[in-house]
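Colleague: My file is data.pdb. It has PDB, C-alpha atoms, pLDDT in the B column:
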```
ATOM      1  CA  MET A  15      -9.201  11.585  16.070  1.00 65.00           C
ATOM      2  CA  SER A  16     -12.538  11.518  14.360  1.00 83.00           C
ATOM      3  CA  VAL A  17     -13.159  11.869  10.646  1.00 92.00           C
ATOM      4  CA  SER A  18     -16.341  13.350   9.182  1.00 96.00           C
ATOM      5  CA  PRO A  19     -18.285  11.605   6.429  1.00 97.00           C
ATOM      6  CA  ASP A  20     -18.291  14.906   4.527  1.00 97.00           C
ATOM      7  CA  GLU A  21     -14.500  14.954   4.485  1.00 96.00           C
ATOM      8  CA  LEU A  22     -14.448  11.502   2.877  1.00 97.00           C
ATOM      9  CA  LYS A  23     -17.147  12.496   0.393  1.00 98.00           C
ATOM     10  CA  ASP A  24     -15.296  15.669  -0.627  1.00 98.00           C
ATOM     11  CA  ARG A  25     -11.971  13.891  -0.989  1.00 98.00           C
ATOM     12  CA  ILE A  26     -13.376  11.050  -3.103  1.00 98.00           C
ATOM     13  CA  GLU A  27     -15.232  13.482  -5.382  1.00 98.00           C
ATOM     14  CA  ALA A  28     -12.175  15.749  -5.676  1.00 98.00           C
ATOM     15  CA  ALA A  29      -9.737  12.934  -6.393  1.00 98.00           C
ATOM     16  CA  ILE A  30     -11.807  10.971  -8.919  1.00 97.00           C
ATOM     17  CA  PRO A  31     -13.264  13.287 -11.576  1.00 95.00           C
ATOM     18  CA  GLY A  32     -16.965  12.915 -12.332  1.00 96.00           C
ATOM     19  CA  THR A  33     -17.588  10.820  -9.246  1.00 97.00           C
ATOM     20  CA  ARG A  34     -20.468  11.244  -6.840  1.00 98.00           C
ATOM     21  CA  ALA A  35     -20.087   9.876  -3.337  1.00 98.00           C
ATOM     22  CA  ASP A  36     -22.578   9.420  -0.530  1.00 98.00           C
ATOM     23  CA  VAL A  37     -20.824   8.676   2.750  1.00 98.00           C
ATOM     24  CA  LYS A  38     -22.258   7.686   6.109  1.00 97.00           C
ATOM     25  CA  GLY A  39     -20.286   6.930   9.208  1.00 95.00           C
ATOM     26  CA  ASP A  40     -19.614   7.308  12.920  1.00 93.00           C
ATOM     27  CA  GLY A  41     -16.205   8.966  12.659  1.00 90.00           C
ATOM     28  CA  HIS A  42     -14.300   5.681  12.413  1.00 88.00           C
ATOM     29  CA  HIS A  43     -16.409   3.236  10.399  1.00 91.00           C
ATOM     30  CA  PHE A  44     -17.829   4.441   7.108  1.00 96.00           C
ATOM     31  CA  GLU A  45     -20.085   3.242   4.323  1.00 97.00           C
ATOM     32  CA  ALA A  46     -19.732   4.911   0.976  1.00 97.00           C
ATOM     33  CA  THR A  47     -21.884   4.605  -2.119  1.00 98.00           C
ATOM     34  CA  VAL A  48     -19.796   5.807  -5.015  1.00 98.00           C
ATOM     35  CA  ALA A  49     -20.767   6.216  -8.670  1.00 98.00           C
ATOM     36  CA  GLY A  50     -18.875   7.565 -11.640  1.00 98.00           C
ATOM     37  CA  PRO A  51     -17.527   6.916 -15.134  1.00 98.00           C
ATOM     38  CA  ALA A  52     -14.005   6.357 -13.792  1.00 97.00           C
ATOM     39  CA  PHE A  53     -15.059   2.872 -12.639  1.00 98.00           C
ATOM     40  CA  ALA A  54     -16.404   1.678 -15.992  1.00 97.00           C
ATOM     41  CA  GLY A  55     -14.536  -1.273 -17.433  1.00 96.00           C
ATOM     42  CA  LEU A  56     -12.495  -1.900 -14.283  1.00 96.00           C
ATOM     43  CA  THR A  57     -12.498  -5.097 -12.237  1.00 95.00           C
ATOM     44  CA  ARG A  58     -14.028  -4.860  -8.778  1.00 95.00           C
ATOM     45  CA  ILE A  59     -10.543  -4.984  -7.283  1.00 96.00           C
ATOM     46  CA  ALA A  60      -9.440  -2.040  -9.423  1.00 96.00           C
ATOM     47  CA  GLN A  61     -12.628  -0.091  -8.641  1.00 97.00           C
ATOM     48  CA  HIS A  62     -12.101  -0.442  -4.915  1.00 97.00           C
ATOM     49  CA  LYS A  63      -8.396   0.332  -5.180  1.00 95.00           C
ATOM     50  CA  LEU A  64      -9.210   3.580  -6.964  1.00 96.00           C
ATOM     51  CA  VAL A  65     -11.115   4.718  -3.884  1.00 97.00           C
ATOM     52  CA  TYR A  66      -8.705   3.190  -1.364  1.00 95.00           C
ATOM     53  CA  ASP A  67      -5.844   5.043  -3.045  1.00 95.00           C
ATOM     54  CA  VAL A  68      -7.505   8.360  -2.197  1.00 96.00           C
ATOM     55  CA  PHE A  69      -6.830   7.634   1.471  1.00 95.00           C
ATOM     56  CA  GLY A  70      -3.657   5.563   1.385  1.00 91.00           C
ATOM     57  CA  ALA A  71      -2.240   4.761   4.810  1.00 87.00           C
ATOM     58  CA  GLU A  72      -5.138   6.530   6.568  1.00 92.00           C
ATOM     59  CA  LEU A  73      -7.193   3.386   5.892  1.00 89.00           C
ATOM     60  CA  GLY A  74      -7.053   1.078   8.848  1.00 81.00           C
ATOM     61  CA  ASP A  75      -5.607   3.956  10.845  1.00 85.00           C
ATOM     62  CA  ARG A  76      -7.668   7.134  11.307  1.00 91.00           C
ATOM     63  CA  ILE A  77     -10.273   5.673   8.946  1.00 92.00           C
ATOM     64  CA  HIS A  78     -10.804   2.354  10.674  1.00 88.00           C
ATOM     65  CA  ALA A  79     -13.064   0.835   8.048  1.00 89.00           C
ATOM     66  CA  LEU A  80     -14.528   1.965   4.746  1.00 94.00           C
ATOM     67  CA  SER A  81     -17.201  -0.196   3.209  1.00 95.00           C
ATOM     68  CA  LEU A  82     -17.726   0.521  -0.482  1.00 96.00           C
ATOM     69  CA  LYS A  83     -20.594   0.093  -2.895  1.00 96.00           C
ATOM     70  CA  ILE A  84     -19.361   1.164  -6.311  1.00 97.00           C
ATOM     71  CA  THR A  85     -21.433   1.694  -9.442  1.00 96.00           C
ATOM     72  CA  PRO A  86     -19.794   2.515 -12.763  1.00 97.00           C
ATOM     73  CA  THR A  87     -21.745   5.006 -14.861  1.00 96.00           C
ATOM     74  CA  GLU A  88     -21.673   6.014 -18.512  1.00 87.00           C
ATOM     75  CA  ALA A  89     -19.063   8.617 -19.340  1.00 73.00           C
TER
ATOM     76  CA  MET B  22       8.811  -8.662  -6.756  1.00 51.00           C
ATOM     77  CA  SER B  23      12.580  -8.918  -6.672  1.00 51.00           C
ATOM     78  CA  ASP B  24      12.893  -7.727  -3.098  1.00 54.00           C
ATOM     79  CA  THR B  25      11.248 -10.731  -1.482  1.00 47.00           C
ATOM     80  CA  SER B  26      14.326 -12.919  -1.113  1.00 57.00           C
ATOM     81  CA  SER B  27      15.336 -11.549   2.252  1.00 75.00           C
ATOM     82  CA  ASN B  28      11.838 -11.360   3.666  1.00 91.00           C
ATOM     83  CA  PRO B  29      10.766 -14.626   5.321  1.00 94.00           C
ATOM     84  CA  MET B  30       7.352 -13.298   6.362  1.00 95.00           C
ATOM     85  CA  ARG B  31       6.465 -12.212   2.848  1.00 95.00           C
ATOM     86  CA  GLU B  32       7.723 -15.523   1.481  1.00 95.00           C
ATOM     87  CA  ALA B  33       5.625 -17.443   4.005  1.00 96.00           C
ATOM     88  CA  ILE B  34       2.539 -15.465   3.036  1.00 97.00           C
ATOM     89  CA  GLN B  35       3.230 -15.968  -0.671  1.00 97.00           C
ATOM     90  CA  SER B  36       3.664 -19.718  -0.120  1.00 97.00           C
ATOM     91  CA  ALA B  37       0.434 -19.918   1.856  1.00 97.00           C
ATOM     92  CA  ILE B  38      -1.392 -18.134  -0.978  1.00 98.00           C
ATOM     93  CA  SER B  39       0.156 -20.422  -3.605  1.00 97.00           C
ATOM     94  CA  GLU B  40      -0.420 -23.655  -1.700  1.00 97.00           C
ATOM     95  CA  ASN B  41      -4.029 -23.088  -0.653  1.00 97.00           C
ATOM     96  CA  PRO B  42      -6.629 -22.816  -3.430  1.00 97.00           C
ATOM     97  CA  VAL B  43      -8.907 -20.823  -1.121  1.00 97.00           C
ATOM     98  CA  ILE B  44      -7.297 -18.819   1.657  1.00 98.00           C
ATOM     99  CA  LEU B  45      -8.697 -16.054   3.821  1.00 98.00           C
ATOM    100  CA  PHE B  46      -6.560 -13.603   5.751  1.00 98.00           C
ATOM    101  CA  MET B  47      -8.742 -12.336   8.587  1.00 98.00           C
ATOM    102  CA  LYS B  48      -8.907 -10.801  12.019  1.00 97.00           C
ATOM    103  CA  GLY B  49      -9.422 -13.657  14.461  1.00 97.00           C
ATOM    104  CA  THR B  50     -10.279 -17.212  13.478  1.00 97.00           C
ATOM    105  CA  PRO B  51     -13.277 -18.713  11.640  1.00 97.00           C
ATOM    106  CA  GLU B  52     -14.531 -19.970  15.023  1.00 97.00           C
ATOM    107  CA  ALA B  53     -13.951 -16.622  16.722  1.00 97.00           C
ATOM    108  CA  PRO B  54     -13.771 -13.759  14.211  1.00 97.00           C
ATOM    109  CA  ALA B  55     -12.522 -10.529  15.797  1.00 96.00           C
ATOM    110  CA  CYS B  56     -14.167  -8.164  13.316  1.00 94.00           C
ATOM    111  CA  GLY B  57     -17.588  -7.994  11.674  1.00 94.00           C
ATOM    112  CA  PHE B  58     -16.149  -7.848   8.165  1.00 95.00           C
ATOM    113  CA  SER B  59     -14.095 -10.989   8.751  1.00 97.00           C
ATOM    114  CA  ALA B  60     -17.106 -12.692  10.331  1.00 97.00           C
ATOM    115  CA  ARG B  61     -19.325 -11.939   7.314  1.00 97.00           C
ATOM    116  CA  THR B  62     -16.734 -13.235   4.886  1.00 98.00           C
ATOM    117  CA  VAL B  63     -16.318 -16.466   6.858  1.00 98.00           C
ATOM    118  CA  ALA B  64     -20.111 -16.865   6.987  1.00 97.00           C
ATOM    119  CA  VAL B  65     -20.336 -16.671   3.187  1.00 97.00           C
ATOM    120  CA  LEU B  66     -17.650 -19.314   2.669  1.00 97.00           C
ATOM    121  CA  GLU B  67     -19.160 -21.618   5.289  1.00 96.00           C
ATOM    122  CA  SER B  68     -22.649 -21.242   3.822  1.00 96.00           C
ATOM    123  CA  LEU B  69     -21.242 -22.539   0.536  1.00 96.00           C
ATOM    124  CA  ASP B  70     -19.572 -25.466   2.349  1.00 95.00           C
ATOM    125  CA  GLN B  71     -16.367 -24.175   0.874  1.00 95.00           C
ATOM    126  CA  PRO B  72     -13.264 -25.501   2.675  1.00 96.00           C
ATOM    127  CA  PHE B  73     -10.717 -22.749   3.109  1.00 97.00           C
ATOM    128  CA  ALA B  74      -7.477 -22.020   4.862  1.00 97.00           C
ATOM    129  CA  ALA B  75      -7.571 -19.117   7.273  1.00 97.00           C
ATOM    130  CA  VAL B  76      -4.793 -16.973   8.641  1.00 97.00           C
ATOM    131  CA  ASN B  77      -5.300 -14.763  11.660  1.00 97.00           C
ATOM    132  CA  ILE B  78      -3.362 -11.576  11.024  1.00 97.00           C
ATOM    133  CA  LEU B  79      -3.727 -10.215  14.561  1.00 97.00           C
ATOM    134  CA  PRO B  80      -0.884 -12.023  16.396  1.00 95.00           C
ATOM    135  CA  ASP B  81       1.852 -10.197  14.474  1.00 94.00           C
ATOM    136  CA  PRO B  82       1.521  -6.741  12.824  1.00 94.00           C
ATOM    137  CA  MET B  83       4.138  -7.856  10.283  1.00 95.00           C
ATOM    138  CA  ILE B  84       1.633 -10.279   8.736  1.00 96.00           C
ATOM    139  CA  ARG B  85      -0.732  -7.487   7.800  1.00 94.00           C
ATOM    140  CA  GLN B  86       2.062  -5.201   6.680  1.00 94.00           C
ATOM    141  CA  GLU B  87       3.613  -7.794   4.382  1.00 96.00           C
ATOM    142  CA  LEU B  88       0.247  -9.078   3.154  1.00 97.00           C
ATOM    143  CA  SER B  89      -0.862  -5.602   2.104  1.00 94.00           C
ATOM    144  CA  GLY B  90       2.548  -4.961   0.557  1.00 94.00           C
ATOM    145  CA  LEU B  91       2.152  -8.127  -1.460  1.00 95.00           C
ATOM    146  CA  SER B  92      -1.481  -7.702  -2.489  1.00 96.00           C
ATOM    147  CA  GLY B  93      -1.678  -3.925  -2.769  1.00 92.00           C
ATOM    148  CA  TRP B  94      -4.899  -4.164  -0.761  1.00 94.00           C
ATOM    149  CA  PRO B  95      -4.989  -2.096   2.427  1.00 91.00           C
ATOM    150  CA  THR B  96      -7.770  -3.697   4.429  1.00 92.00           C
ATOM    151  CA  ILE B  97      -8.622  -7.004   6.105  1.00 95.00           C
ATOM    152  CA  PRO B  98     -10.131  -9.510   5.321  1.00 97.00           C
ATOM    153  CA  GLN B  99      -8.547 -10.543   2.034  1.00 98.00           C
ATOM    154  CA  LEU B 100      -9.738 -13.603   0.137  1.00 98.00           C
ATOM    155  CA  PHE B 101      -7.474 -15.323  -2.384  1.00 98.00           C
ATOM    156  CA  VAL B 102      -8.667 -18.000  -4.805  1.00 97.00           C
ATOM    157  CA  ASP B 103      -6.136 -19.878  -6.916  1.00 97.00           C
ATOM    158  CA  GLY B 104      -3.439 -17.407  -5.951  1.00 97.00           C
ATOM    159  CA  GLU B 105      -5.434 -14.331  -7.011  1.00 96.00           C
ATOM    160  CA  LEU B 106      -6.832 -11.651  -4.723  1.00 97.00           C
ATOM    161  CA  VAL B 107     -10.622 -11.726  -4.998  1.00 97.00           C
ATOM    162  CA  GLY B 108     -11.207  -8.863  -2.584  1.00 97.00           C
ATOM    163  CA  GLY B 109     -12.396  -7.934   0.867  1.00 96.00           C
ATOM    164  CA  CYS B 110     -15.760  -8.280   2.544  1.00 96.00           C
ATOM    165  CA  ASP B 111     -17.669  -5.895   0.226  1.00 96.00           C
ATOM    166  CA  ILE B 112     -16.523  -7.622  -2.947  1.00 97.00           C
ATOM    167  CA  VAL B 113     -17.030 -11.133  -1.566  1.00 97.00           C
ATOM    168  CA  MET B 114     -20.590 -10.227  -0.501  1.00 96.00           C
ATOM    169  CA  GLU B 115     -21.365  -8.651  -3.874  1.00 95.00           C
ATOM    170  CA  MET B 116     -19.992 -11.633  -5.754  1.00 96.00           C
ATOM    171  CA  TYR B 117     -21.918 -14.012  -3.510  1.00 97.00           C
ATOM    172  CA  GLU B 118     -25.150 -12.163  -4.185  1.00 96.00           C
ATOM    173  CA  THR B 119     -24.625 -12.185  -7.947  1.00 95.00           C
ATOM    174  CA  GLY B 120     -23.455 -15.817  -8.018  1.00 95.00           C
ATOM    175  CA  GLU B 121     -20.002 -14.879  -9.322  1.00 95.00           C
ATOM    176  CA  LEU B 122     -18.323 -16.194  -6.198  1.00 97.00           C
ATOM    177  CA  GLN B 123     -20.000 -19.577  -6.555  1.00 96.00           C
ATOM    178  CA  LYS B 124     -18.859 -19.660 -10.183  1.00 96.00           C
ATOM    179  CA  LEU B 125     -15.307 -18.752  -9.233  1.00 96.00           C
ATOM    180  CA  LEU B 126     -15.241 -21.493  -6.601  1.00 96.00           C
ATOM    181  CA  GLY B 127     -16.765 -24.038  -8.976  1.00 94.00           C
ATOM    182  CA  ILE B 128     -19.927 -24.388  -6.910  1.00 89.00           C
ATOM    183  CA  ASP B 129     -23.326 -24.977  -8.485  1.00 74.00           C
ATOM    184  CA  ALA B 130     -24.988 -21.577  -8.662  1.00 56.00           C
ATOM    185  CA  ALA B 131     -28.225 -22.777  -7.073  1.00 57.00           C
ATOM    186  CA  ALA B 132     -27.331 -21.070  -3.820  1.00 50.00           C
ATOM    187  CA  PRO B 133     -29.789 -18.701  -2.174  1.00 54.00           C
ATOM    188  CA  ALA B 134     -29.325 -14.986  -2.754  1.00 53.00           C
ATOM    189  CA  ASP B 135     -29.909 -14.120   0.888  1.00 59.00           C
ATOM    190  CA  VAL B 136     -26.971 -13.224   3.066  1.00 60.00           C
ATOM    191  CA  PRO B 137     -26.401 -16.217   5.332  1.00 60.00           C
ATOM    192  CA  ALA B 138     -26.201 -16.215   9.079  1.00 60.00           C
ATOM    193  CA  PRO B 139     -22.944 -17.684  10.348  1.00 58.00           C
ATOM    194  CA  PRO B 140     -23.485 -21.439  10.563  1.00 52.00           C
ATOM    195  CA  ALA B 141     -21.944 -23.560  13.290  1.00 50.00           C
ATOM    196  CA  ALA B 142     -18.373 -24.496  12.488  1.00 48.00           C
ATOM    197  CA  ASN B 143     -18.128 -28.114  11.410  1.00 48.00           C
ATOM    198  CA  GLY B 144     -14.417 -28.402  12.094  1.00 44.00           C
ATOM    199  CA  GLU B 145     -13.637 -29.692   8.608  1.00 46.00           C
ATOM    200  CA  ALA B 146     -11.867 -26.626   7.346  1.00 46.00           C
ATOM    201  CA  ALA B 147      -8.910 -26.742   9.663  1.00 45.00           C
ATOM    202  CA  PRO B 148      -7.713 -23.183  10.073  1.00 45.00           C
ATOM    203  CA  LEU B 149      -4.160 -22.626   9.069  1.00 51.00           C
ATOM    204  CA  SER B 150      -2.078 -20.574  11.401  1.00 63.00           C
ATOM    205  CA  ILE B 151       0.671 -18.555   9.816  1.00 56.00           C
ATOM    206  CA  GLU B 152       2.956 -19.585  12.670  1.00 50.00           C
ATOM    207  CA  ASN B 153       2.885 -23.128  11.307  1.00 43.00           C
ATOM    208  CA  LEU B 154       4.238 -21.921   8.011  1.00 44.00           C
ATOM    209  CA  LEU B 155       7.355 -20.281   9.353  1.00 40.00           C
TER
END
```
As structure tokens, how would this structure be written, given the file I've shared?
Modeller:
Amino acid sequence: MSVSPDELKDRIEAAIPGTRADVKGDGHHFEATVAGPAFAGLTRIAQHKLVYDVFGAELGDRIHALSLKITPTEA
Amino acid sequence: MSDTSSNPMREAIQSAISENPVILFMKGTPEAPACGFSARTVAVLESLDQPFAAVNILPDPMIRQELSGLSGWPTIPQLFVDGELVGGCDIVMEMYETGELQKLLGIDAAAPADVPAPPAANGEAAPLSIENLL
């Protein structure tokens, strides 16, 4: 079952207020550039977990891989 | 973490993390990575001449399940330094490029900023197989 980059983009932006996501992918492997104030002041681990948590158990399953580039922005 | 007493796999993983200052849980082995993300992470560590223990998570799905339960991190690879989760491939690459990884590992930060190509394995960092820990 294939996943669209737009679905990932919409879900990230809906789940993390103020966030903008740009997602590319082939239906299984994705690269996302994500920016928003929610990431400010967090460790890298916590920043990535915030996005991973949007997808939970789908990661590694229907979303085989999600590469993240995260930029915190001013609130 | 009170529910670990009856879980030998989780205990073995926890011990491996505690006993190895630098340990990478990956798909495949450093000599034969089975995934591009694992391969890139290995290449970074080898370019820094950083000895590390490696655990192949592929032979038993329980390894990955218990590892992610323990770390709260869903994806592979996972790099631990001094018992702490550093991150997966993206974070390791970012920290390598900014020099933070070198700092964390206690390596002189004169390393090049370019992403390294995987160097030939020198055989010094003997990979640790989780089977040996059980």
Colleague: Between atom CA of Arg25 of chain A and atom CA of Asp67 of chain A, what is the spacing in Å?
Modeller: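 Distance between the two atoms: 11.0 Å.
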Colleague: Quick one, how far is atom CA of Ile38 of chain B from atom CA of Gly90 of chain B?
Modeller: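 Answer for the atom CA of Ile38 of chain B to atom CA of Gly90 of chain B separation: 13.8 Å.
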Colleague: Go through A:Glu45, A:Glu72, A:Asp36, A:Glu27 and flag the residue nearest Pro95 of chain B, using all atoms listed in the file for the distances.
Modeller: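 So, comparing all the options, the nearest one is A:Glu72.
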Colleague: May I have the protein, DNA and RNA residues with any atom at most 7 Å from the point (-18.1, 11.7, 7.1), counting all atoms listed in the file, written as an MDAnalysis selection string?
Modeller: chainID A and resid 17:23 37:39 41
Colleague: Mind telling me what the PyMOL selection byres ((chain B) within 8 of (chain A)) catches here, as an MDAnalysis selection string?
Modeller: chainID B and resid 94:96 107:108 111:112
Colleague: Since we have the selection now, will you write its residues out, keeping C-alpha atoms, as a short mmCIF file (atom, residue, chain, number, x, y, z; two decimals), in the frame of the given file?
Modeller:
```cif
data_model
loop_
_atom_site.label_atom_id
_atom_site.label_comp_id
_atom_site.auth_asym_id
_atom_site.auth_seq_id
_atom_site.Cartn_x
_atom_site.Cartn_y
_atom_site.Cartn_z
CA TRP B 94 -4.90 -4.16 -0.76
CA PRO B 95 -4.99 -2.10 2.43
CA THR B 96 -7.77 -3.70 4.43
CA VAL B 107 -10.62 -11.73 -5.00
CA GLY B 108 -11.21 -8.86 -2.58
CA ASP B 111 -17.67 -5.90 0.23
CA ILE B 112 -16.52 -7.62 -2.95
#
```
Colleague: Extract, using all atoms listed in the file, all DNA, RNA and protein residues at most 7 Å from segment 86-88 of chain A, discarding same-chain residues fewer than 4 positions from it, and format them as an MDAnalysis selection string.
Modeller: chainID A and resid 49:51 53:54
Colleague: Could you give me, as number ranges by chain, the residues that sit within 7 Å of (-5.4, -18.0, 2.9) in the file's coordinates, counting only C-alpha atoms?
Modeller: B: 37-38, 41, 43-46, 74-76, 100-101
Colleague: Rounded to one decimal, what separation in Å do you get between atom CA of Leu125 of chain B and atom CA of Ala55 of chain B?
Modeller: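 About the pair atom CA of Leu125 of chain B and atom CA of Ala55 of chain B: they are 26.5 Å apart.
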Colleague: Rank B:Lys48, B:Ala60, B:Arg85, B:Gly127 by their smallest atom-to-atom distance to Met114 of chain B, using all atoms listed in the file, and report the top residue only.
Modeller: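 Closest candidate: B:Ala60.
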Colleague: I'd like to see the residues matched by the PyMOL selection byres ((chain A and resi 30) around 9) on this file, and ideally I'd get them as number ranges by chain.
Modeller: A: 25-29, 31-34, 50, 52, 64-65, 68
Colleague: Taking the file as shown, find all residues satisfying the PyMOL selection byres ((chain B and resi 80) around 12) and write them as a PyMOL selection string.
Modeller: chain B and resi 47-50+55+76-79+81-85+150-152
